[in-house]
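Asker: Sharing final-v4.pdb, PDB, C-alpha atoms:
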ATOM      1  CA  MET F   1     -22.099  -2.439  47.574
ATOM      2  CA  ILE F   2     -24.994  -2.986  50.007
ATOM      3  CA  THR F   3     -23.122  -1.125  52.798
ATOM      4  CA  ALA F   4     -22.556   1.790  50.432
ATOM      5  CA  ILE F   5     -26.288   2.010  49.755
ATOM      6  CA  PHE F   6     -27.547   1.706  53.347
ATOM      7  CA  PRO F   7     -26.176   3.257  56.550
ATOM      8  CA  GLU F   8     -23.865   0.895  58.414
ATOM      9  CA  GLY F   9     -26.221   0.341  61.295
ATOM     10  CA  ASP F  10     -29.393  -0.348  59.303
ATOM     11  CA  ILE F  11     -29.229  -4.169  59.499
ATOM     12  CA  ALA F  12     -32.961  -4.708  58.844
ATOM     13  CA  MET F  13     -32.858  -2.771  55.604
ATOM     14  CA  LYS F  14     -29.767  -4.690  54.491
ATOM     15  CA  LYS F  15     -31.553  -8.010  55.078
ATOM     16  CA  ILE F  16     -34.602  -6.862  53.154
ATOM     17  CA  PHE F  17     -32.467  -5.680  50.241
ATOM     18  CA  CYS F  18     -30.550  -8.973  50.162
ATOM     19  CA  ALA F  19     -33.801 -10.949  50.128
ATOM     20  CA  LEU F  20     -35.176  -8.858  47.286
ATOM     21  CA  LEU F  21     -31.912  -9.258  45.361
ATOM     22  CA  ILE F  22     -32.086 -13.042  45.708
ATOM     23  CA  VAL F  23     -35.715 -13.093  44.552
ATOM     24  CA  ALA F  24     -34.890 -10.905  41.564
ATOM     25  CA  THR F  25     -31.952 -13.117  40.616
ATOM     26  CA  VAL F  26     -34.028 -16.300  40.811
ATOM     27  CA  ALA F  27     -36.813 -14.676  38.788
ATOM     28  CA  THR F  28     -34.337 -13.566  36.134
ATOM     29  CA  LEU F  29     -32.862 -17.053  35.842
ATOM     30  CA  THR F  30     -36.307 -18.620  35.689
ATOM     31  CA  TYR F  31     -37.546 -16.156  33.110
ATOM     32  CA  GLY F  32     -34.364 -16.633  31.123
ATOM     33  CA  SER F  33     -34.900 -20.383  31.059
ATOM     34  CA  VAL F  34     -38.390 -19.806  29.677
ATOM     35  CA  ILE F  35     -37.447 -17.409  26.898
ATOM     36  CA  MET F  36     -34.378 -19.444  25.982
ATOM     37  CA  THR F  37     -36.417 -22.507  25.016
ATOM     38  CA  ALA F  38     -39.104 -22.634  22.338
ATOM     39  CA  ARG F  39     -41.115 -25.811  21.785
ATOM     40  CA  VAL F  40     -41.349 -25.998  18.008
ATOM     41  CA  GLY F  41     -43.385 -28.397  15.890
ATOM     42  CA  PHE F  42     -41.933 -29.808  12.665
ATOM     43  CA  LEU F  43     -43.302 -32.327  10.205
ATOM     44  CA  THR F  44     -41.900 -35.769  10.981
ATOM     45  CA  ARG F  45     -38.445 -36.541   9.623
ATOM     46  CA  LEU F  46     -37.961 -40.269   9.150
ATOM     47  CA  ASN F  47     -34.184 -40.534   9.319
ATOM     48  CA  THR F  48     -33.642 -38.822  12.652
ATOM     49  CA  THR F  49     -35.251 -38.528  16.088
ATOM     50  CA  GLU F  50     -36.707 -35.441  17.735
ATOM     51  CA  GLU F  51     -33.708 -35.292  20.070
ATOM     52  CA  GLU F  52     -31.178 -35.633  17.254
ATOM     53  CA  PHE F  53     -32.982 -33.055  15.146
ATOM     54  CA  SER F  54     -33.030 -30.625  18.071
ATOM     55  CA  ARG F  55     -29.275 -31.082  18.557
ATOM     56  CA  ILE F  56     -28.641 -30.531  14.850
ATOM     57  CA  ILE F  57     -30.519 -27.240  14.943
ATOM     58  CA  GLN F  58     -28.857 -26.041  18.135
ATOM     59  CA  ASP F  59     -25.379 -27.165  17.067
ATOM     60  CA  SER F  60     -25.731 -26.022  13.489
ATOM     61  CA  GLN F  61     -22.247 -24.489  13.242
ATOM     62  CA  LYS F  62     -20.739 -27.982  13.415
ATOM     63  CA  MET F  63     -23.047 -29.488  10.810
ATOM     64  CA  THR F  64     -22.285 -29.577   7.102
ATOM     65  CA  GLY F  65     -25.872 -29.650   5.904
ATOM     66  CA  TRP F  66     -28.420 -27.802   8.012
ATOM     67  CA  ASN F  67     -26.376 -24.722   8.970
ATOM     68  CA  LEU F  68     -29.336 -22.864  10.421
ATOM     69  CA  LEU F  69     -29.225 -19.121  10.962
ATOM     70  CA  SER F  70     -32.028 -17.914  13.205
ATOM     71  CA  ASN F  71     -33.049 -14.305  13.766
ATOM     72  CA  ARG F  72     -33.357 -15.029  17.477
ATOM     73  CA  HIS F  73     -31.436 -16.994  20.077
ATOM     74  CA  GLU F  74     -33.831 -19.427  21.719
ATOM     75  CA  LEU F  75     -32.964 -23.084  21.892
ATOM     76  CA  TYR F  76     -35.355 -25.472  20.174
ATOM     77  CA  GLY F  77     -37.327 -28.243  21.823
ATOM     78  CA  VAL F  78     -38.454 -30.208  18.783
ATOM     79  CA  LYS F  79     -41.720 -32.119  18.499
ATOM     80  CA  PHE F  80     -42.550 -34.109  15.359
ATOM     81  CA  TYR F  81     -46.077 -34.270  13.934
ATOM     82  CA  ASP F  82     -47.376 -36.382  11.073
ATOM     83  CA  SER F  83     -49.538 -33.677   9.520
ATOM     84  CA  LEU F  84     -50.064 -29.938   9.441
ATOM     85  CA  VAL F  85     -53.509 -30.421  10.985
ATOM     86  CA  ALA F  86     -51.943 -32.186  13.983
ATOM     87  CA  MET F  87     -49.379 -29.401  14.379
ATOM     88  CA  LEU F  88     -52.020 -26.683  14.296
ATOM     89  CA  MET F  89     -54.132 -28.552  16.858
ATOM     90  CA  ALA F  90     -51.118 -28.809  19.167
ATOM     91  CA  LEU F  91     -50.450 -25.104  18.692
ATOM     92  CA  ASP F  92     -54.079 -24.269  19.518
ATOM     93  CA  LYS F  93     -53.823 -26.328  22.715
ATOM     94  CA  ARG F  94     -50.540 -24.606  23.653
ATOM     95  CA  GLU F  95     -48.742 -27.949  23.670
ATOM     96  CA  ILE F  96     -46.054 -26.248  21.580
ATOM     97  CA  ASP F  97     -45.108 -22.609  21.206
ATOM     98  CA  GLU F  98     -44.646 -22.495  17.450
ATOM     99  CA  ILE F  99     -44.623 -24.541  14.283
ATOM    100  CA  ALA F 100     -41.919 -24.239  11.622
ATOM    101  CA  LEU F 101     -42.915 -24.460   7.955
ATOM    102  CA  PRO F 102     -41.393 -23.594   4.581
ATOM    103  CA  GLU F 103     -41.948 -19.911   3.899
ATOM    104  CA  VAL F 104     -44.650 -20.347   1.235
ATOM    105  CA  VAL F 105     -46.686 -22.694   3.452
ATOM    106  CA  ALA F 106     -46.407 -20.406   6.472
ATOM    107  CA  GLY F 107     -47.550 -17.460   4.362
ATOM    108  CA  TYR F 108     -50.536 -19.410   3.069
ATOM    109  CA  ILE F 109     -51.607 -20.456   6.576
ATOM    110  CA  THR F 110     -51.318 -16.984   8.096
ATOM    111  CA  ASP F 111     -53.109 -15.374   5.134
ATOM    112  CA  ALA F 112     -56.015 -17.797   5.508
ATOM    113  CA  ASN F 113     -56.162 -17.849   9.325
ATOM    114  CA  PRO F 114     -56.015 -14.493  11.142
ATOM    115  CA  GLU F 115     -55.554 -16.206  14.524
ATOM    116  CA  TYR F 116     -51.980 -17.136  13.543
ATOM    117  CA  GLU F 117     -48.976 -14.921  12.871
ATOM    118  CA  ILE F 118     -45.365 -15.353  11.792
ATOM    119  CA  CYS F 119     -43.139 -14.711  14.793
ATOM    120  CA  CYS F 120     -39.618 -15.405  13.540
ATOM    121  CA  MET F 121     -37.536 -16.959  10.797
ATOM    122  CA  SER F 122     -34.909 -19.682  10.484
ATOM    123  CA  GLN F 123     -32.702 -19.422   7.427
ATOM    124  CA  MET F 124     -30.418 -22.138   6.093
ATOM    125  CA  ARG F 125     -27.097 -21.324   4.467
ATOM    126  CA  LYS F 126     -27.781 -23.938   1.801
ATOM    127  CA  PRO F 127     -31.211 -24.791   0.334
ATOM    128  CA  MET F 128     -33.293 -27.786   1.266
ATOM    129  CA  SER F 129     -35.108 -29.615  -1.528
ATOM    130  CA  LEU F 130     -38.082 -31.854  -2.087
ATOM    131  CA  ALA F 131     -37.622 -35.016  -4.152
ATOM    132  CA  LEU F 132     -39.648 -38.096  -5.006
ATOM    133  CA  GLY F 133     -38.807 -41.369  -3.315
ATOM    134  CA  PHE F 134     -38.944 -44.819  -4.949
ATOM    135  CA  LYS F 135     -38.054 -48.311  -3.790
ATOM    136  CA  LYS F 136     -34.665 -49.419  -5.013
ATOM    137  CA  ASP F 137     -36.210 -52.198  -7.074
ATOM    138  CA  ASN F 138     -38.236 -49.567  -8.957
ATOM    139  CA  ALA F 139     -35.221 -47.771 -10.404
ATOM    140  CA  GLU F 140     -36.655 -47.578 -13.923
ATOM    141  CA  LEU F 141     -39.685 -45.593 -12.786
ATOM    142  CA  ALA F 142     -37.414 -43.339 -10.694
ATOM    143  CA  TRP F 143     -35.279 -42.676 -13.780
ATOM    144  CA  LYS F 144     -38.347 -41.808 -15.895
ATOM    145  CA  PHE F 145     -39.638 -39.315 -13.330
ATOM    146  CA  SER F 146     -36.200 -37.732 -12.947
ATOM    147  CA  ARG F 147     -35.879 -37.416 -16.725
ATOM    148  CA  VAL F 148     -39.205 -35.583 -16.955
ATOM    149  CA  ILE F 149     -38.300 -33.280 -14.036
ATOM    150  CA  ARG F 150     -35.105 -32.307 -15.870
ATOM    151  CA  GLU F 151     -37.114 -31.678 -19.052
ATOM    152  CA  LEU F 152     -39.557 -29.507 -17.129
ATOM    153  CA  GLU F 153     -36.670 -27.459 -15.768
ATOM    154  CA  GLU F 154     -35.074 -27.073 -19.192
ATOM    155  CA  ASP F 155     -38.238 -25.916 -20.963
ATOM    156  CA  TRP F 156     -39.234 -23.618 -18.061
ATOM    157  CA  THR F 157     -42.434 -25.510 -17.296
ATOM    158  CA  LEU F 158     -41.300 -26.193 -13.717
ATOM    159  CA  PRO F 159     -40.831 -22.524 -12.732
ATOM    160  CA  GLU F 160     -44.064 -21.689 -14.552
ATOM    161  CA  LEU F 161     -45.975 -24.219 -12.437
ATOM    162  CA  GLN F 162     -44.333 -22.833  -9.295
ATOM    163  CA  GLY F 163     -45.387 -19.324 -10.266
ATOM    164  CA  ILE F 164     -49.014 -20.353 -10.786
ATOM    165  CA  TYR F 165     -49.578 -22.867  -7.994
ATOM    166  CA  ILE F 166     -47.360 -21.416  -5.280
ATOM    167  CA  TYR F 167     -47.233 -17.660  -5.761
ATOM    168  CA  SER F 168     -50.246 -16.490  -7.793
ATOM    169  CA  SER F 169     -53.867 -15.827  -6.887
ATOM    170  CA  GLU F 170     -54.777 -19.021  -8.791
ATOM    171  CA  ARG F 171     -52.758 -21.260  -6.483
ATOM    172  CA  ALA F 172     -55.832 -22.884  -4.919
ATOM    173  CA  LYS F 173     -57.539 -23.855  -8.163
ATOM    174  CA  PRO F 174     -58.182 -27.613  -8.634
ATOM    175  CA  VAL F 175     -55.860 -29.572 -10.899
ATOM    176  CA  GLU F 176     -57.228 -31.851 -13.611
ATOM    177  CA  PHE F 177     -55.503 -35.134 -14.499
ATOM    178  CA  THR F 178     -55.524 -36.538 -18.019
ATOM    179  CA  LYS F 179     -56.846 -40.110 -18.182
ATOM    180  CA  TYR F 180     -55.263 -42.609 -20.585
ATOM    181  CA  GLU F 181     -57.299 -45.686 -21.488
ATOM    182  CA  GLY F 182     -55.323 -48.875 -20.911
ATOM    183  CA  ALA F 183     -52.234 -47.048 -19.596
ATOM    184  CA  ASP F 184     -50.353 -47.932 -16.415
ATOM    185  CA  THR F 185     -51.437 -46.313 -13.156
ATOM    186  CA  VAL F 186     -48.793 -44.884 -10.841
ATOM    187  CA  ARG F 187     -49.910 -44.414  -7.234
ATOM    188  CA  ILE F 188     -48.269 -41.387  -5.663
ATOM    189  CA  ALA F 189     -48.308 -40.446  -1.986
ATOM    190  CA  VAL F 190     -48.818 -36.753  -1.220
ATOM    191  CA  THR F 191     -49.388 -34.979   2.077
ATOM    192  CA  GLY F 192     -52.815 -33.740   1.083
ATOM    193  CA  ASP F 193     -52.817 -31.032   3.754
ATOM    194  CA  ILE F 194     -49.953 -28.591   3.129
ATOM    195  CA  PRO F 195     -51.180 -25.847   0.803
ATOM    196  CA  PRO F 196     -49.926 -24.484  -1.532
ATOM    197  CA  ILE F 197     -47.588 -27.480  -1.878
ATOM    198  CA  ASP F 198     -50.480 -29.908  -2.099
ATOM    199  CA  TYR F 199     -54.003 -30.201  -0.763
ATOM    200  CA  ILE F 200     -56.798 -32.746  -1.142
ATOM    201  CA  GLY F 201     -60.231 -31.474  -0.149
ATOM    202  CA  ALA F 202     -63.012 -33.414   1.522
ATOM    203  CA  ASP F 203     -64.654 -33.839  -1.881
ATOM    204  CA  GLY F 204     -61.489 -35.394  -3.319
ATOM    205  CA  SER F 205     -60.496 -32.367  -5.389
ATOM    206  CA  ALA F 206     -56.733 -31.811  -5.434
ATOM    207  CA  SER F 207     -54.737 -28.612  -5.766
ATOM    208  CA  GLY F 208     -51.254 -27.234  -5.199
ATOM    209  CA  PHE F 209     -47.866 -27.287  -6.853
ATOM    210  CA  ASN F 210     -47.081 -30.964  -6.191
ATOM    211  CA  VAL F 211     -50.402 -31.966  -7.708
ATOM    212  CA  ALA F 212     -49.956 -29.757 -10.778
ATOM    213  CA  LEU F 213     -46.444 -31.106 -11.301
ATOM    214  CA  LEU F 214     -47.652 -34.698 -11.027
ATOM    215  CA  ALA F 215     -50.379 -34.013 -13.566
ATOM    216  CA  GLU F 216     -47.775 -32.690 -16.004
ATOM    217  CA  ILE F 217     -45.457 -35.660 -15.392
ATOM    218  CA  GLY F 218     -48.393 -38.005 -16.041
ATOM    219  CA  ARG F 219     -49.120 -36.278 -19.347
ATOM    220  CA  ARG F 220     -45.514 -36.500 -20.492
ATOM    221  CA  LEU F 221     -45.141 -40.151 -19.514
ATOM    222  CA  LYS F 222     -48.658 -41.035 -20.745
ATOM    223  CA  VAL F 223     -49.516 -42.745 -17.443
ATOM    224  CA  ASN F 224     -52.452 -42.348 -15.077
ATOM    225  CA  ILE F 225     -51.605 -40.736 -11.733
ATOM    226  CA  GLU F 226     -53.518 -41.814  -8.639
ATOM    227  CA  LEU F 227     -53.048 -39.609  -5.573
ATOM    228  CA  VAL F 228     -52.904 -41.212  -2.144
ATOM    229  CA  SER F 229     -52.922 -38.948   0.920
ATOM    230  CA  ILE F 230     -50.263 -40.174   3.374
ATOM    231  CA  GLU F 231     -49.202 -38.701   6.708
ATOM    232  CA  ALA F 232     -45.518 -37.856   7.109
ATOM    233  CA  GLY F 233     -44.693 -40.703   9.470
ATOM    234  CA  ALA F 234     -46.288 -43.335   7.212
ATOM    235  CA  ARG F 235     -44.357 -42.562   4.028
ATOM    236  CA  ASN F 236     -41.777 -45.342   4.241
ATOM    237  CA  THR F 237     -44.341 -47.929   5.289
ATOM    238  CA  ALA F 238     -46.644 -47.021   2.410
ATOM    239  CA  LEU F 239     -43.772 -47.180  -0.062
ATOM    240  CA  MET F 240     -42.135 -50.392   1.157
ATOM    241  CA  SER F 241     -45.454 -52.215   1.531
ATOM    242  CA  GLY F 242     -46.380 -51.448  -2.080
ATOM    243  CA  ARG F 243     -49.381 -49.326  -1.176
ATOM    244  CA  VAL F 244     -47.848 -46.572  -3.342
ATOM    245  CA  ASP F 245     -45.263 -46.586  -6.115
ATOM    246  CA  ALA F 246     -43.646 -43.318  -5.098
ATOM    247  CA  VAL F 247     -43.749 -40.705  -2.351
ATOM    248  CA  PHE F 248     -43.915 -37.171  -3.619
ATOM    249  CA  TRP F 249     -42.020 -35.514  -0.834
ATOM    250  CA  TYR F 250     -38.788 -36.405   0.834
ATOM    251  CA  GLU F 251     -36.778 -33.525   2.204
ATOM    252  CA  THR F 252     -33.079 -33.600   1.381
ATOM    253  CA  ALA F 253     -30.077 -31.274   1.662
ATOM    254  CA  GLN F 254     -28.507 -30.147  -1.593
ATOM    255  CA  ASN F 255     -24.975 -29.696  -0.314
ATOM    256  CA  ASN F 256     -24.145 -33.039   1.276
ATOM    257  CA  ALA F 257     -24.797 -36.756   1.217
ATOM    258  CA  TRP F 258     -26.756 -37.119   4.449
ATOM    259  CA  ASN F 259     -30.440 -36.426   4.773
ATOM    260  CA  LEU F 260     -32.866 -36.379   7.663
ATOM    261  CA  ASP F 261     -35.803 -37.908   5.876
ATOM    262  CA  ALA F 262     -35.433 -40.736   3.347
ATOM    263  CA  THR F 263     -34.027 -43.919   4.844
ATOM    264  CA  GLU F 264     -32.116 -46.879   3.437
ATOM    265  CA  GLY F 265     -33.669 -48.665   0.470
ATOM    266  CA  ILE F 266     -35.093 -45.502  -1.117
ATOM    267  CA  ILE F 267     -33.975 -43.866  -4.362
ATOM    268  CA  LEU F 268     -34.460 -40.122  -4.539
ATOM    269  CA  SER F 269     -35.343 -38.422  -7.796
ATOM    270  CA  GLU F 270     -34.041 -35.141  -9.116
ATOM    271  CA  PRO F 271     -35.174 -32.399  -6.714
ATOM    272  CA  TYR F 272     -38.142 -30.411  -7.954
ATOM    273  CA  TYR F 273     -38.542 -27.628  -5.392
ATOM    274  CA  SER F 274     -36.099 -25.865  -3.056
ATOM    275  CA  TRP F 275     -36.275 -23.304  -0.252
ATOM    276  CA  ASN F 276     -33.940 -21.935   2.385
ATOM    277  CA  ARG F 277     -36.224 -20.340   4.966
ATOM    278  CA  PHE F 278     -38.537 -21.740   7.603
ATOM    279  CA  MET F 279     -41.081 -19.345   9.044
ATOM    280  CA  HIS F 280     -42.287 -19.942  12.597
ATOM    281  CA  ILE F 281     -45.998 -19.524  13.278
ATOM    282  CA  LYS F 282     -47.584 -18.883  16.666
ATOM    283  CA  LYS F 283     -51.016 -18.061  18.017
ATOM    284  CA  LYS F 284     -51.740 -14.356  18.342
TER
END
Please render this file's structure as structure tokens.

Answerer:
Amino acid sequence: MITAIFPEGDIAMKKIFCALLIVATVATLTYGSVIMTARVGFLTRLNTTEEEFSRIIQDSQKMTGWNLLSNRHELYGVKFYDSLVAMLMALDKREIDEIALPEVVAGYITDANPEYEICCMSQMRKPMSLALGFKKDNAELAWKFSRVIRELEEDWTLPELQGIYIYSSERAKPVEFTKYEGADTVRIAVTGDIPPIDYIGADGSASGFNVALLAEIGRRLKVNIELVSIEAGARNTALMSGRVDAVFWYETAQNNAWNLDATEGIILSEPYYSWNRFMHIKKK
């Protein structure tokens, strides 16, 4: 091919062309290795490691639960963070390329912060769900919460709360809890920093769908709800140590027995919210 391009006797030009071809090939391979790997931040999963989670995402065709369909082809280098604030700080410092969040959270963040934008989407073939977690020796409380969640689904209160506190213009309004004199207090761990799922402001005011749902559960069970803001990596410790009675978010797959979040010794409630798309956010 090179001889066909250059006259047979032009050795110098052949050498130059070969050198340029080698440089171009190396550059292409190097550039390809860059665009084929995205460092993506996720909230900490407690029942898997970053390496295992990365393999699950990349090898999704062989998994029975995650089955991720991405609208791009990069491989994922996964980094876990214990809070949304920590993920956004890492993104600002360029320690990661993107963060992956449920669609409603990603939309909230990009609407409120013009320096971020949604760059791509990961869609699961089967939904992921949020559920409450309880210690196994607290099965009665787990059953009561699950019973109320089913009631809220049946009387359409659950979708109504989702419509108000996730999708409407009122989603950021503070939630009021009913106080019952002499009633039991149930301490519930929430993230406190993932709007519109839940958010606790510096003044202690709480908002978001999780918070509104907890307030309704408290009213139906006639118990006092005390919110405790817990980072993702501290959920099991807070629950097992007795600091809280329940954790109001464990992520679980609907279509199989395994999960990447709740570990042994934890009872999961009925799921109360599901989604099947992660949106990836990057700096503009």

Asker: Taking 4 positions as the minimum chain separation for residues in the same chain, which residues sit within 10 Å of F:Gly41 when counting all atoms listed in the file? Answer as JSON, numbers by chain.

Answerer: {"F": [50, 76, 77, 78, 79, 80, 81, 84, 86, 87, 88, 90, 91, 95, 96, 97, 98, 99, 100, 101, 280, 281]}

Asker: Store the residues of this selection in a file with C-alpha atoms, as an mmCIF file, in the frame of the given file.

Answerer:
data_model
loop_
_atom_site.group_PDB
_atom_site.id
_atom_site.type_symbol
_atom_site.label_atom_id
_atom_site.label_comp_id
_atom_site.auth_asym_id
_atom_site.auth_seq_id
_atom_site.Cartn_x
_atom_site.Cartn_y
_atom_site.Cartn_z
ATOM 1 C CA GLU F 50 -36.707 -35.441 17.735
ATOM 2 C CA TYR F 76 -35.355 -25.472 20.174
ATOM 3 C CA GLY F 77 -37.327 -28.243 21.823
ATOM 4 C CA VAL F 78 -38.454 -30.208 18.783
ATOM 5 C CA LYS F 79 -41.720 -32.119 18.499
ATOM 6 C CA PHE F 80 -42.550 -34.109 15.359
ATOM 7 C CA TYR F 81 -46.077 -34.270 13.934
ATOM 8 C CA LEU F 84 -50.064 -29.938 9.441
ATOM 9 C CA ALA F 86 -51.943 -32.186 13.983
ATOM 10 C CA MET F 87 -49.379 -29.401 14.379
ATOM 11 C CA LEU F 88 -52.020 -26.683 14.296
ATOM 12 C CA ALA F 90 -51.118 -28.809 19.167
ATOM 13 C CA LEU F 91 -50.450 -25.104 18.692
ATOM 14 C CA GLU F 95 -48.742 -27.949 23.670
ATOM 15 C CA ILE F 96 -46.054 -26.248 21.580
ATOM 16 C CA ASP F 97 -45.108 -22.609 21.206
ATOM 17 C CA GLU F 98 -44.646 -22.495 17.450
ATOM 18 C CA ILE F 99 -44.623 -24.541 14.283
ATOM 19 C CA ALA F 100 -41.919 -24.239 11.622
ATOM 20 C CA LEU F 101 -42.915 -24.460 7.955
ATOM 21 C CA HIS F 280 -42.287 -19.942 12.597
ATOM 22 C CA ILE F 281 -45.998 -19.524 13.278
#

Asker: Apply the PyMOL selection byres ((chain F and resi 164) around 12) to the file shown and report the selected residues as a PyMOL selection string.

Answerer: chain F and resi 157-163+165-175+196-197+207-210+212-213

Asker: Would you mind listing, for every residue of stretch 64-148 of chain F within 9 Å of stretch 246-249 of chain F, the two atoms forming the shortest contact and the distance between them in Å to one decimal, using all atoms listed in the file, sorted by chain and ascending residue number, as JSON lines?

Answerer:
{"residue": "F:Leu130", "atom": "CA", "partner": "F:Trp249", "partner_atom": "CA", "distance": 5.5}
{"residue": "F:Ala131", "atom": "CA", "partner": "F:Trp249", "partner_atom": "CA", "distance": 5.5}
{"residue": "F:Leu132", "atom": "CA", "partner": "F:Phe248", "partner_atom": "CA", "distance": 4.6}
{"residue": "F:Gly133", "atom": "CA", "partner": "F:Val247", "partner_atom": "CA", "distance": 5.1}
{"residue": "F:Phe134", "atom": "CA", "partner": "F:Ala246", "partner_atom": "CA", "distance": 4.9}
{"residue": "F:Lys135", "atom": "CA", "partner": "F:Ala246", "partner_atom": "CA", "distance": 7.6}
{"residue": "F:Leu141", "atom": "CA", "partner": "F:Ala246", "partner_atom": "CA", "distance": 8.9}
{"residue": "F:Ala142", "atom": "CA", "partner": "F:Ala246", "partner_atom": "CA", "distance": 8.4}

Asker: For F:Asp261, which of F:Ile109, F:Leu75, F:Met128, F:Ile149 is the closest residue, counting only C-alpha atoms?

Answerer: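 Closest candidate: F:Met128.
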
Asker: Spell out the residues picked by the PyMOL selection byres ((chain F and resi 182-189) around 9) here, as a PDB file with C-alpha atoms, in the coordinates of the input.

Answerer:
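Wrote it out as out_8.pdb, contents follow:
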ATOM      1  CA  LYS F 179     -56.846 -40.110 -18.182  1.00  0.00           C
ATOM      2  CA  TYR F 180     -55.263 -42.609 -20.585  1.00  0.00           C
ATOM      3  CA  GLU F 181     -57.299 -45.686 -21.488  1.00  0.00           C
ATOM      4  CA  VAL F 190     -48.818 -36.753  -1.220  1.00  0.00           C
ATOM      5  CA  THR F 191     -49.388 -34.979   2.077  1.00  0.00           C
ATOM      6  CA  GLY F 192     -52.815 -33.740   1.083  1.00  0.00           C
ATOM      7  CA  LEU F 214     -47.652 -34.698 -11.027  1.00  0.00           C
ATOM      8  CA  GLY F 218     -48.393 -38.005 -16.041  1.00  0.00           C
ATOM      9  CA  LYS F 222     -48.658 -41.035 -20.745  1.00  0.00           C
ATOM     10  CA  VAL F 223     -49.516 -42.745 -17.443  1.00  0.00           C
ATOM     11  CA  ASN F 224     -52.452 -42.348 -15.077  1.00  0.00           C
ATOM     12  CA  ILE F 225     -51.605 -40.736 -11.733  1.00  0.00           C
ATOM     13  CA  GLU F 226     -53.518 -41.814  -8.639  1.00  0.00           C
ATOM     14  CA  LEU F 227     -53.048 -39.609  -5.573  1.00  0.00           C
ATOM     15  CA  VAL F 228     -52.904 -41.212  -2.144  1.00  0.00           C
ATOM     16  CA  SER F 229     -52.922 -38.948   0.920  1.00  0.00           C
ATOM     17  CA  ILE F 230     -50.263 -40.174   3.374  1.00  0.00           C
ATOM     18  CA  GLU F 231     -49.202 -38.701   6.708  1.00  0.00           C
ATOM     19  CA  ARG F 235     -44.357 -42.562   4.028  1.00  0.00           C
ATOM     20  CA  ALA F 238     -46.644 -47.021   2.410  1.00  0.00           C
ATOM     21  CA  LEU F 239     -43.772 -47.180  -0.062  1.00  0.00           C
ATOM     22  CA  ARG F 243     -49.381 -49.326  -1.176  1.00  0.00           C
ATOM     23  CA  VAL F 244     -47.848 -46.572  -3.342  1.00  0.00           C
ATOM     24  CA  ASP F 245     -45.263 -46.586  -6.115  1.00  0.00           C
ATOM     25  CA  ALA F 246     -43.646 -43.318  -5.098  1.00  0.00           C
ATOM     26  CA  VAL F 247     -43.749 -40.705  -2.351  1.00  0.00           C
ATOM     27  CA  PHE F 248     -43.915 -37.171  -3.619  1.00  0.00           C
ATOM     28  CA  TRP F 249     -42.020 -35.514  -0.834  1.00  0.00           C
TER      29      TRP F 249
END

Asker: What gap, in Å, lies between atom CA of F:Phe145 and atom CA of F:Met240?

Answerer: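 Taking atom CA of F:Phe145 and atom CA of F:Met240, their separation equals 18.4 Å.
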
Asker: Please measure the separation of atom CA of F:Ile217 and atom CA of F:Pro195, giving the value in Å to one decimal.

Answerer: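 Atom-to-atom, atom CA of F:Ile217 and atom CA of F:Pro195 are spaced 19.8 Å apart.
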
Asker: Any idea what the distance is between atom CA of F:Glu264 and atom CA of F:Ala215?

Answerer: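 Straight-line distance from atom CA of F:Glu264 to atom CA of F:Ala215 works out to 28.1 Å.
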
Asker: Could you give me the axis-aligned bounding box of stretch 35-49 of chain F, with 5 Å of padding per side, as centre plus edge lengths in Å to one decimal, as AutoDock Vina command-line options?

Answerer:
--center_x -38.5 --center_y -29.0 --center_z 18.0 --size_x 19.7 --size_y 33.1 --size_z 27.7

Asker: Between F:Met279, F:Tyr250, F:Ile57, F:Leu152, which has the minimum distance to F:Ala106 (counting only C-alpha atoms)?

Answerer: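 Of the candidates, the smallest distance to F:Ala106 is held by F:Met279.
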
Asker: Using all atoms listed in the file, which residue out of F:Tyr272, F:Trp156, F:Phe278, F:Trp143 lies closest to F:Ile118?

Answerer: F:Phe278
